[in-house]
Structures are given as structure tokens and as C-alpha cells.
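Visitor: Got a structure for you, written out below as C-alpha cells; questions coming shortly.
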Amino acid sequence: MTIFFVFTSLVSYAQTTLTIEEVFTIALEKNIDIKIKKNEREIAKNSSSLGQAKLFPSINIIAGAGVNEGESNIDFATNEFPSVNSTESESSSLNAGIEIKYNLFNGLSSFYTYKKLNKENDIKSIELQIQIEQILIKSAKYYYDISFLQRQLEINQKIIDISLERYKKVVERNKYGSSSKLDLLSAEIDLNNDSTKYINVKFELNQSKQSLKKLLNSNNFLNFKVENISLNKKVINFETLKEKAKLNNQNILLQKCITEVMEADKKIVSSNYFPKISLMANYGYNLNKSNTSLISNQNDIGLGAVINFYWNIFDGFTKSKMLKNAKIQIESNKLLLEKIELEIYSELKQTFDQYISNINISNLEKRNKKSAENFFTRAKEQYKQGIMSNNDFRKAQMELEQSQNKLNQSMYLTKLAELNLYRISGSILY
């Protein structure tokens, strides 16, 4: 006859209660996006080596062999040697050795390249931290969504219990003629409406749980609940948050690191103004044989070395243009850093003001809820005694539900504002 019978068939399962710390631990271990960023960071770490910056010499083992057969015609420049005409020729060669190449000086370009690679590795580490921070914030948001909806479901269940009790009482009164058919229909409609709210909240709760499980990439917990939202008794200090933001905000740290990469690029460009000196040395064996050469068999073994000097003294002003552009890029990145810092501090202040406002609202809603509970207790007693009408009792019931919903909503919004403060100040990771 009424929707409330749906709830009598629900089976109660034992539920695991997840803490926010447990959710963070699972996210750090299982989330796929974090794993991908960790791999990217590992690649950057492997790339930031002395070898990649060419600060080590290159050592090569070289070897080769060749054979040539054909017909040769040879005329010599003097008459001391007879000409060779249509003679079958054979020649062969064999060489093997070890070769070392090293840049003795390149204007410290390799050194600055090494610094740049390290900074690029730092950028990947910061990007990993940003990814972790985003996942933790998102998982915390889902966690508080679930907590909010859990409480909403409890409120709705209590409202259904009140409506069900009222419905049964009206049915009983209707039997004895002390209540009209209109009162019975009104009680039934109110019960059905309350039941519909319950079903909708239950659906939203299940959807939020699925979103959290998907983010955590884990099906280890099929049936779970979370802890109720509780607000910190001690209000967060704004100046402390501001100091933490300067030190820990990942967007600020990332922009600083990008600027340092640009500084390294400028020094690499500046190194082009200096000469380059390189050394090449080898130790090897060579064998050459030929039946048409003046020397039929020659083999050598020994050490050879070459020092190369290169200095580009004019390149059509290319170097100077590149250096100017590098300086402009550095200046632009410094301005961008300044802009990011201003935006972050502005967002921090706005979020903090919202956080304080939500705390004040929550305190008011707590008092309002207590008043509504006291009012409903008296209204319930008067309704039992037949002093209060159905409509007035329903109004008291709705005011109770509304006060509980408002408190739940204000505590939820306060928690989200608090979460945003941790995000902006970089405190979620420290």
C-alpha cells in the first residue's frame, strides 16, 4: 500500500568503517594516475645523469675487415715502375682498436646541462606531488560526500519512522472514527514522500561510494561506511596557512623550478661564446694487403691522439638573439610566478573567509537544531494528546528535518572549505 514496506525487506550487513587516513593510504598505493606519474618521475631521474650531460668521456671499441677482388690497370707517374694492365688484383684490410672521445672544454655547457636535467627531474617530482595532492583531495571530497549522505540517510530514516508512527496512529484513530479519511490520505502521502527522499539519498550514497572505489582502484571493500563529519575545535590560523603556502604550494614550487630551468638554458646559450676543445685518442691494430700495391703487406699497432679546437667567432648574431630570448623567457616566468603567488594568496584568503563563515553558520545551526528538537518533542506530546492537528505536527516534523539537514549541510561545507585550505597551503602532503 505504501512505499515504507520497501525498507522492511532491507538486510543489514556488517560494514567496514573506513577512516580518511586509510583512504589516503589506499589511494597512494593503488591509484593508476599516481602510478603513471611515478613512472614518469623515474624516467626523468634516470635521465638526469652525468653521462646524459656528456660529462663523461665516450669509449668505443671499433673493428672492421674488408676484401676486394677485381682487375687493375695502373700507370705510375715515373718510368721507374712498369705499368700494370688487366691484372687480377686482390686486397684485404683488417683493423681493431679502442677509441676515447672527451670534451675538454665547451664553455661549461655540459655542467649547465647537468643542472638543467636535475631541475627537470625536480619538475617531474613536483608534478608527481601535484598528482598525489589532486588524488588525495578528490578522494577526501568523495569521503566527505559519503559522510554527508550517510548522515542525510539517517535523518531521512528518522523522519520516515516519525511518519510511519503517525500513519499507524491515524489508521488506528480512523477505525474508531476520531480521524477522517482525509487525515489518513494526508499521512500516507507524507510517508510516501519521505520514503521517496530516502530512496533518492540511498542512490546518491551508492553512487558516491562507487566513485570512491573507482578512484582508489580497489574492490577490497564491497560494503563499507565512513566516519561522521566532525569539525576541529581549534580554528585554523590564517598566517600559519600563508607561511605554509609559500613553502609547500606545489604550483609555486613548480613555477620556481621552471624558472631555474630557464636560467640553466640561458647559461647553456652563453657557453656558445666560448671556444670548444675536444680530445680523441685511440689504440689499435691495422693490417693492409694488396698484390698490386708497391707495399704488399703493411701492419701497424700503436697509439694515436688528436686535439680539436673550434671557436665560432661570428654566426650572423644568432647567439646574441638566442641569449636575449632566453633572458626574456626568464623575465616572463618570474612575472608568471608573481601572478601565481598573488592568485594563490587571494584564493587562500577567500577560502579562509568562507571557512570562518561556515563555522559560524554551523554553530548557529547547532543551536537551531536543539531548539527544533525541543519544539518537536513538545509537539509530539501534544499530538498524542490530540491537542495538535495533523498539519501542525507535520510542520514541526518538517522543521526538525530542515534543522538537521541545514546542520549537516553547514558541517559538510565547512569540511570542504577546510580541505581547500589544506590544498592551497600544500598541507595535505605535509
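All residue names refer to the C-alpha cells as shown: chains lettered A, B, ... in order, residues numbered from 1 in each chain, ligands numbered from 1 in order.
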Give me the residues near Leu254 of chain A as a VMD selection string, where near means some atom within 10 Å (using only C-alpha atoms) and where sequence neighbours in that chain fewer than 3 positions away do not count.
Guide: chain A and resid 122 to 127 130 249 to 251 257 to 260 337
Visitor: Export all heavy atoms of the chosen residues as a short mmCIF file (atom, residue, chain, number, x, y, z; two decimals), in the first residue's frame?
Guide:
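What ended up in part_31.cif:
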data_model
loop_
_atom_site.label_atom_id
_atom_site.label_comp_id
_atom_site.auth_asym_id
_atom_site.auth_seq_id
_atom_site.Cartn_x
_atom_site.Cartn_y
_atom_site.Cartn_z
N ASP A 122 63.44 17.47 -10.93
CA ASP A 122 62.68 18.09 -9.84
C ASP A 122 61.26 18.44 -10.29
O ASP A 122 60.31 18.30 -9.51
CB ASP A 122 63.38 19.35 -9.35
CG ASP A 122 64.69 19.04 -8.62
OD1 ASP A 122 64.87 17.88 -8.20
OD2 ASP A 122 65.52 19.95 -8.48
N ILE A 123 61.14 18.89 -11.54
CA ILE A 123 59.81 19.23 -12.08
C ILE A 123 58.93 17.99 -12.10
O ILE A 123 57.75 18.05 -11.71
CB ILE A 123 59.94 19.83 -13.49
CG1 ILE A 123 60.48 21.26 -13.41
CG2 ILE A 123 58.59 19.83 -14.22
CD1 ILE A 123 60.75 21.91 -14.75
N LYS A 124 59.46 16.86 -12.53
CA LYS A 124 58.69 15.62 -12.55
C LYS A 124 58.30 15.19 -11.14
O LYS A 124 57.21 14.67 -10.91
CB LYS A 124 59.48 14.50 -13.24
CG LYS A 124 59.60 14.65 -14.74
CD LYS A 124 58.22 14.62 -15.39
CE LYS A 124 58.29 14.80 -16.90
NZ LYS A 124 56.94 14.83 -17.52
N SER A 125 59.19 15.43 -10.18
CA SER A 125 58.87 15.11 -8.78
C SER A 125 57.73 16.00 -8.28
O SER A 125 56.83 15.52 -7.58
CB SER A 125 60.11 15.30 -7.90
OG SER A 125 61.13 14.38 -8.24
N ILE A 126 57.77 17.29 -8.65
CA ILE A 126 56.69 18.20 -8.24
C ILE A 126 55.39 17.83 -8.93
O ILE A 126 54.31 17.85 -8.31
CB ILE A 126 57.08 19.65 -8.55
CG1 ILE A 126 58.26 20.09 -7.68
CG2 ILE A 126 55.90 20.60 -8.32
CD1 ILE A 126 58.84 21.44 -8.05
N GLU A 127 55.47 17.46 -10.21
CA GLU A 127 54.26 17.03 -10.93
C GLU A 127 53.67 15.79 -10.29
O GLU A 127 52.43 15.63 -10.23
CB GLU A 127 54.59 16.78 -12.41
CG GLU A 127 54.83 18.05 -13.20
CD GLU A 127 55.23 17.77 -14.64
OE1 GLU A 127 55.51 16.59 -14.96
OE2 GLU A 127 55.26 18.72 -15.45
N ILE A 130 51.90 16.99 -7.26
CA ILE A 130 50.64 17.63 -7.65
C ILE A 130 49.58 16.56 -7.93
O ILE A 130 48.43 16.68 -7.51
CB ILE A 130 50.84 18.54 -8.87
CG1 ILE A 130 51.66 19.77 -8.48
CG2 ILE A 130 49.50 18.97 -9.47
CD1 ILE A 130 52.05 20.65 -9.66
N ASN A 249 53.16 25.13 -1.41
CA ASN A 249 52.21 25.08 -2.53
C ASN A 249 52.91 24.58 -3.79
O ASN A 249 53.91 25.16 -4.24
CB ASN A 249 51.61 26.47 -2.77
CG ASN A 249 50.56 26.44 -3.88
OD1 ASN A 249 50.90 26.50 -5.06
ND2 ASN A 249 49.31 26.33 -3.50
N GLN A 250 52.40 23.51 -4.35
CA GLN A 250 53.08 22.83 -5.45
C GLN A 250 53.12 23.66 -6.73
O GLN A 250 54.08 23.58 -7.51
CB GLN A 250 52.40 21.49 -5.73
CG GLN A 250 52.44 20.51 -4.56
CD GLN A 250 53.86 20.17 -4.15
OE1 GLN A 250 54.72 19.89 -4.99
NE2 GLN A 250 54.12 20.19 -2.85
N ASN A 251 52.12 24.50 -6.97
CA ASN A 251 52.13 25.34 -8.17
C ASN A 251 53.21 26.42 -8.09
O ASN A 251 53.85 26.74 -9.09
CB ASN A 251 50.75 25.99 -8.35
CG ASN A 251 49.70 24.99 -8.74
OD1 ASN A 251 49.92 24.15 -9.60
ND2 ASN A 251 48.54 25.05 -8.11
N CYS A 257 60.73 26.15 -10.17
CA CYS A 257 61.60 25.16 -10.80
C CYS A 257 61.71 25.41 -12.31
O CYS A 257 62.79 25.28 -12.90
CB CYS A 257 61.03 23.76 -10.55
SG CYS A 257 62.29 22.53 -10.28
N ILE A 258 60.61 25.78 -12.94
CA ILE A 258 60.63 26.10 -14.37
C ILE A 258 61.53 27.30 -14.64
O ILE A 258 62.30 27.32 -15.61
CB ILE A 258 59.20 26.37 -14.88
CG1 ILE A 258 58.37 25.07 -14.87
CG2 ILE A 258 59.22 26.96 -16.29
CD1 ILE A 258 56.90 25.26 -15.19
N THR A 259 61.49 28.29 -13.76
CA THR A 259 62.36 29.46 -13.89
C THR A 259 63.82 29.08 -13.78
O THR A 259 64.68 29.59 -14.52
CB THR A 259 62.00 30.51 -12.81
OG1 THR A 259 60.63 30.87 -12.93
CG2 THR A 259 62.86 31.76 -12.98
N GLU A 260 64.13 28.15 -12.89
CA GLU A 260 65.51 27.69 -12.73
C GLU A 260 65.97 26.92 -13.97
O GLU A 260 67.16 26.99 -14.34
CB GLU A 260 65.62 26.82 -11.48
CG GLU A 260 65.50 27.63 -10.18
CD GLU A 260 65.44 26.75 -8.95
OE1 GLU A 260 65.29 25.52 -9.11
OE2 GLU A 260 65.53 27.29 -7.84
N LEU A 337 55.36 33.74 -12.08
CA LEU A 337 55.47 33.28 -10.69
C LEU A 337 54.81 34.28 -9.74
O LEU A 337 54.07 33.90 -8.82
CB LEU A 337 56.94 33.10 -10.31
CG LEU A 337 57.24 32.76 -8.85
CD1 LEU A 337 56.56 31.47 -8.43
CD2 LEU A 337 58.75 32.70 -8.61
#
Visitor: So which residues of segment 97-127 of chain A fall under helix (DSSP H, G or I) by DSSP, listed as a compact mmCIF listing (two decimals) with N, CA, C and O atoms, in the first residue's frame?
Guide:
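Writing the result to part19.txt gives the following:
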# COMPACT_ATOMS: atom_id res chain seq x y z
N SER A 109 79.11 24.11 -20.88
CA SER A 109 77.78 23.74 -21.37
C SER A 109 77.31 22.42 -20.74
O SER A 109 76.13 22.28 -20.37
N SER A 110 78.21 21.44 -20.64
CA SER A 110 77.83 20.13 -20.07
C SER A 110 77.43 20.26 -18.61
O SER A 110 76.49 19.61 -18.14
N PHE A 111 78.15 21.12 -17.88
CA PHE A 111 77.83 21.33 -16.47
C PHE A 111 76.44 21.93 -16.31
O PHE A 111 75.64 21.48 -15.47
N TYR A 112 76.13 22.95 -17.13
CA TYR A 112 74.81 23.58 -17.04
C TYR A 112 73.71 22.64 -17.55
O TYR A 112 72.57 22.69 -17.07
N THR A 113 74.05 21.79 -18.51
CA THR A 113 73.09 20.79 -18.98
C THR A 113 72.75 19.81 -17.86
O THR A 113 71.59 19.41 -17.69
N TYR A 114 73.76 19.44 -17.09
CA TYR A 114 73.54 18.53 -15.96
C TYR A 114 72.62 19.19 -14.92
O TYR A 114 71.71 18.55 -14.39
N LYS A 115 72.85 20.48 -14.66
CA LYS A 115 71.98 21.20 -13.73
C LYS A 115 70.55 21.26 -14.26
O LYS A 115 69.57 21.10 -13.50
N LYS A 116 70.41 21.48 -15.56
CA LYS A 116 69.08 21.54 -16.17
C LYS A 116 68.36 20.19 -16.05
O LYS A 116 67.17 20.15 -15.72
N LEU A 117 69.10 19.11 -16.31
CA LEU A 117 68.49 17.77 -16.20
C LEU A 117 68.02 17.50 -14.78
O LEU A 117 66.96 16.91 -14.56
N ASN A 118 68.80 17.94 -13.80
CA ASN A 118 68.39 17.77 -12.40
C ASN A 118 67.14 18.56 -12.09
O ASN A 118 66.25 18.09 -11.36
N LYS A 119 67.06 19.78 -12.62
CA LYS A 119 65.87 20.60 -12.40
C LYS A 119 64.65 20.00 -13.09
O LYS A 119 63.53 20.06 -12.58
N GLU A 120 64.85 19.43 -14.27
CA GLU A 120 63.74 18.76 -14.96
C GLU A 120 63.28 17.53 -14.18
O GLU A 120 62.09 17.20 -14.17
N ASN A 121 64.22 16.87 -13.52
CA ASN A 121 63.86 15.77 -12.63
C ASN A 121 63.04 16.30 -11.44
O ASN A 121 62.06 15.68 -11.02
N ASP A 122 63.44 17.47 -10.93
CA ASP A 122 62.68 18.09 -9.84
C ASP A 122 61.26 18.44 -10.29
O ASP A 122 60.31 18.30 -9.51
N ILE A 123 61.14 18.89 -11.54
CA ILE A 123 59.81 19.23 -12.08
C ILE A 123 58.93 17.99 -12.10
O ILE A 123 57.75 18.05 -11.71
N LYS A 124 59.46 16.86 -12.53
CA LYS A 124 58.69 15.62 -12.55
C LYS A 124 58.30 15.19 -11.14
O LYS A 124 57.21 14.67 -10.91
N SER A 125 59.19 15.43 -10.18
CA SER A 125 58.87 15.11 -8.78
C SER A 125 57.73 16.00 -8.28
O SER A 125 56.83 15.52 -7.58
N ILE A 126 57.77 17.29 -8.65
CA ILE A 126 56.69 18.20 -8.24
C ILE A 126 55.39 17.83 -8.93
O ILE A 126 54.31 17.85 -8.31
N GLU A 127 55.47 17.46 -10.21
CA GLU A 127 54.26 17.03 -10.93
C GLU A 127 53.67 15.79 -10.29
O GLU A 127 52.43 15.63 -10.23
Visitor: To one decimal place, how far is atom CA of Ala187 of chain A from atom CA of Thr377 of chain A in Å?
Guide: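 Rounded to one decimal, the two atoms are 18.9 Å apart.
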Visitor: Using DSSP on the backbone, list every residue of segment 171-344 of chain A that comes out as strand (DSSP E or B), and give them as a PyMOL selection string.
Guide: chain A and resi 224-226+276-290+297-310
Visitor: How would the residues just chosen look if you wrote them out with C-alpha atoms as a short mmCIF file (atom, residue, chain, number, x, y, z; two decimals), in the first residue's frame?
Guide:
data_model
loop_
_atom_site.label_atom_id
_atom_site.label_comp_id
_atom_site.auth_asym_id
_atom_site.auth_seq_id
_atom_site.Cartn_x
_atom_site.Cartn_y
_atom_site.Cartn_z
CA PHE A 224 31.63 0.00 3.82
CA LYS A 225 30.79 3.19 5.62
CA VAL A 226 32.88 6.19 6.67
CA LYS A 276 85.34 24.23 -27.69
CA ILE A 277 88.25 21.88 -27.18
CA SER A 278 87.90 18.12 -27.61
CA LEU A 279 90.31 15.21 -27.35
CA MET A 280 90.23 11.98 -29.32
CA ALA A 281 92.68 9.14 -28.66
CA ASN A 282 92.84 5.60 -29.97
CA TYR A 283 94.93 2.49 -29.63
CA GLY A 284 94.60 -0.12 -32.34
CA TYR A 285 95.89 -2.51 -34.95
CA ASN A 286 95.71 -2.10 -38.79
CA LEU A 287 96.60 -4.65 -41.48
CA ASN A 288 96.50 -3.98 -45.25
CA LYS A 289 97.41 -6.46 -48.04
CA SER A 290 97.43 -5.90 -51.83
CA ASN A 297 101.73 -6.16 -46.74
CA GLN A 298 101.55 -3.50 -44.06
CA ASN A 299 100.52 -3.77 -40.39
CA ASP A 300 100.57 -1.14 -37.67
CA ILE A 301 99.88 -1.19 -33.95
CA GLY A 302 100.06 1.82 -31.66
CA LEU A 303 98.55 4.88 -30.03
CA GLY A 304 97.15 7.95 -31.75
CA ALA A 305 95.72 11.18 -30.35
CA VAL A 306 94.12 14.34 -31.77
CA ILE A 307 93.12 17.60 -30.06
CA ASN A 308 90.47 19.64 -31.86
CA PHE A 309 89.92 23.35 -31.31
CA TYR A 310 86.75 25.06 -32.52
#
Visitor: Hey, which of A:Leu164, A:Ile424, A:Leu231, A:Ile43 ends up closest to Asn358 of chain A? Count only C-alpha atoms.
Guide: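 For Asn358 of chain A, the nearest of the given residues is A:Leu231.
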Visitor: Report as a VMD selection string all protein, DNA and RNA residues lying within 9 Å of Ser362 of chain A, evaluated on only C-alpha atoms, omitting residues in the same chain fewer than 2 positions from it.
Guide: chain A and resid 357 to 360 364 to 367 406 to 411 414
Visitor: Hey, can you check how far atom CA of Met262 of chain A sits from atom CA of Ile330 of chain A?
Guide: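 These two atoms are separated by 5.8 Å.
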Visitor: When distances are computed from only C-alpha atoms, which of A:Ser179, A:Gln152, A:Gln404, A:Thr351 shows the smallest separation from Lys242 of chain A?
Guide: A:Thr351
Visitor: Find the residues around Arg423 of chain A up to 10 Å (only C-alpha atoms counted), leave out those fewer than 3 positions away in its own chain, and share them as a PyMOL selection string.
Guide: chain A and resi 130+133-134+136-137+245+248-250+348+417-420+426-429
Visitor: Can you tell me how far atom CA of Glu399 of chain A sits from atom CA of Gln150 of chain A, in Å to one decimal?
Guide: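 We find that atom CA of Glu399 of chain A and atom CA of Gln150 of chain A lie 20.0 Å from each other.
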Visitor: Calculated over only C-alpha atoms, which of the candidates A:Phe203, A:Tyr422, A:Tyr176, A:Phe221 has the smallest distance to Glu22 of chain A?
Guide: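 For Glu22 of chain A, the nearest of the candidates is A:Phe221.
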Visitor: For Lys54 of chain A, which of A:Ile356, A:Val23, A:Leu104, A:Leu400 is the closest residue, counting only C-alpha atoms?
Guide: A:Leu104
Visitor: Using only C-alpha atoms, which of the listed residues (A:Leu212, A:Leu253, A:Ile199, A:Ala44) sits closest to Tyr144 of chain A?
Guide: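 Checking each candidate against Tyr144 of chain A, we get A:Leu212 as the closest.
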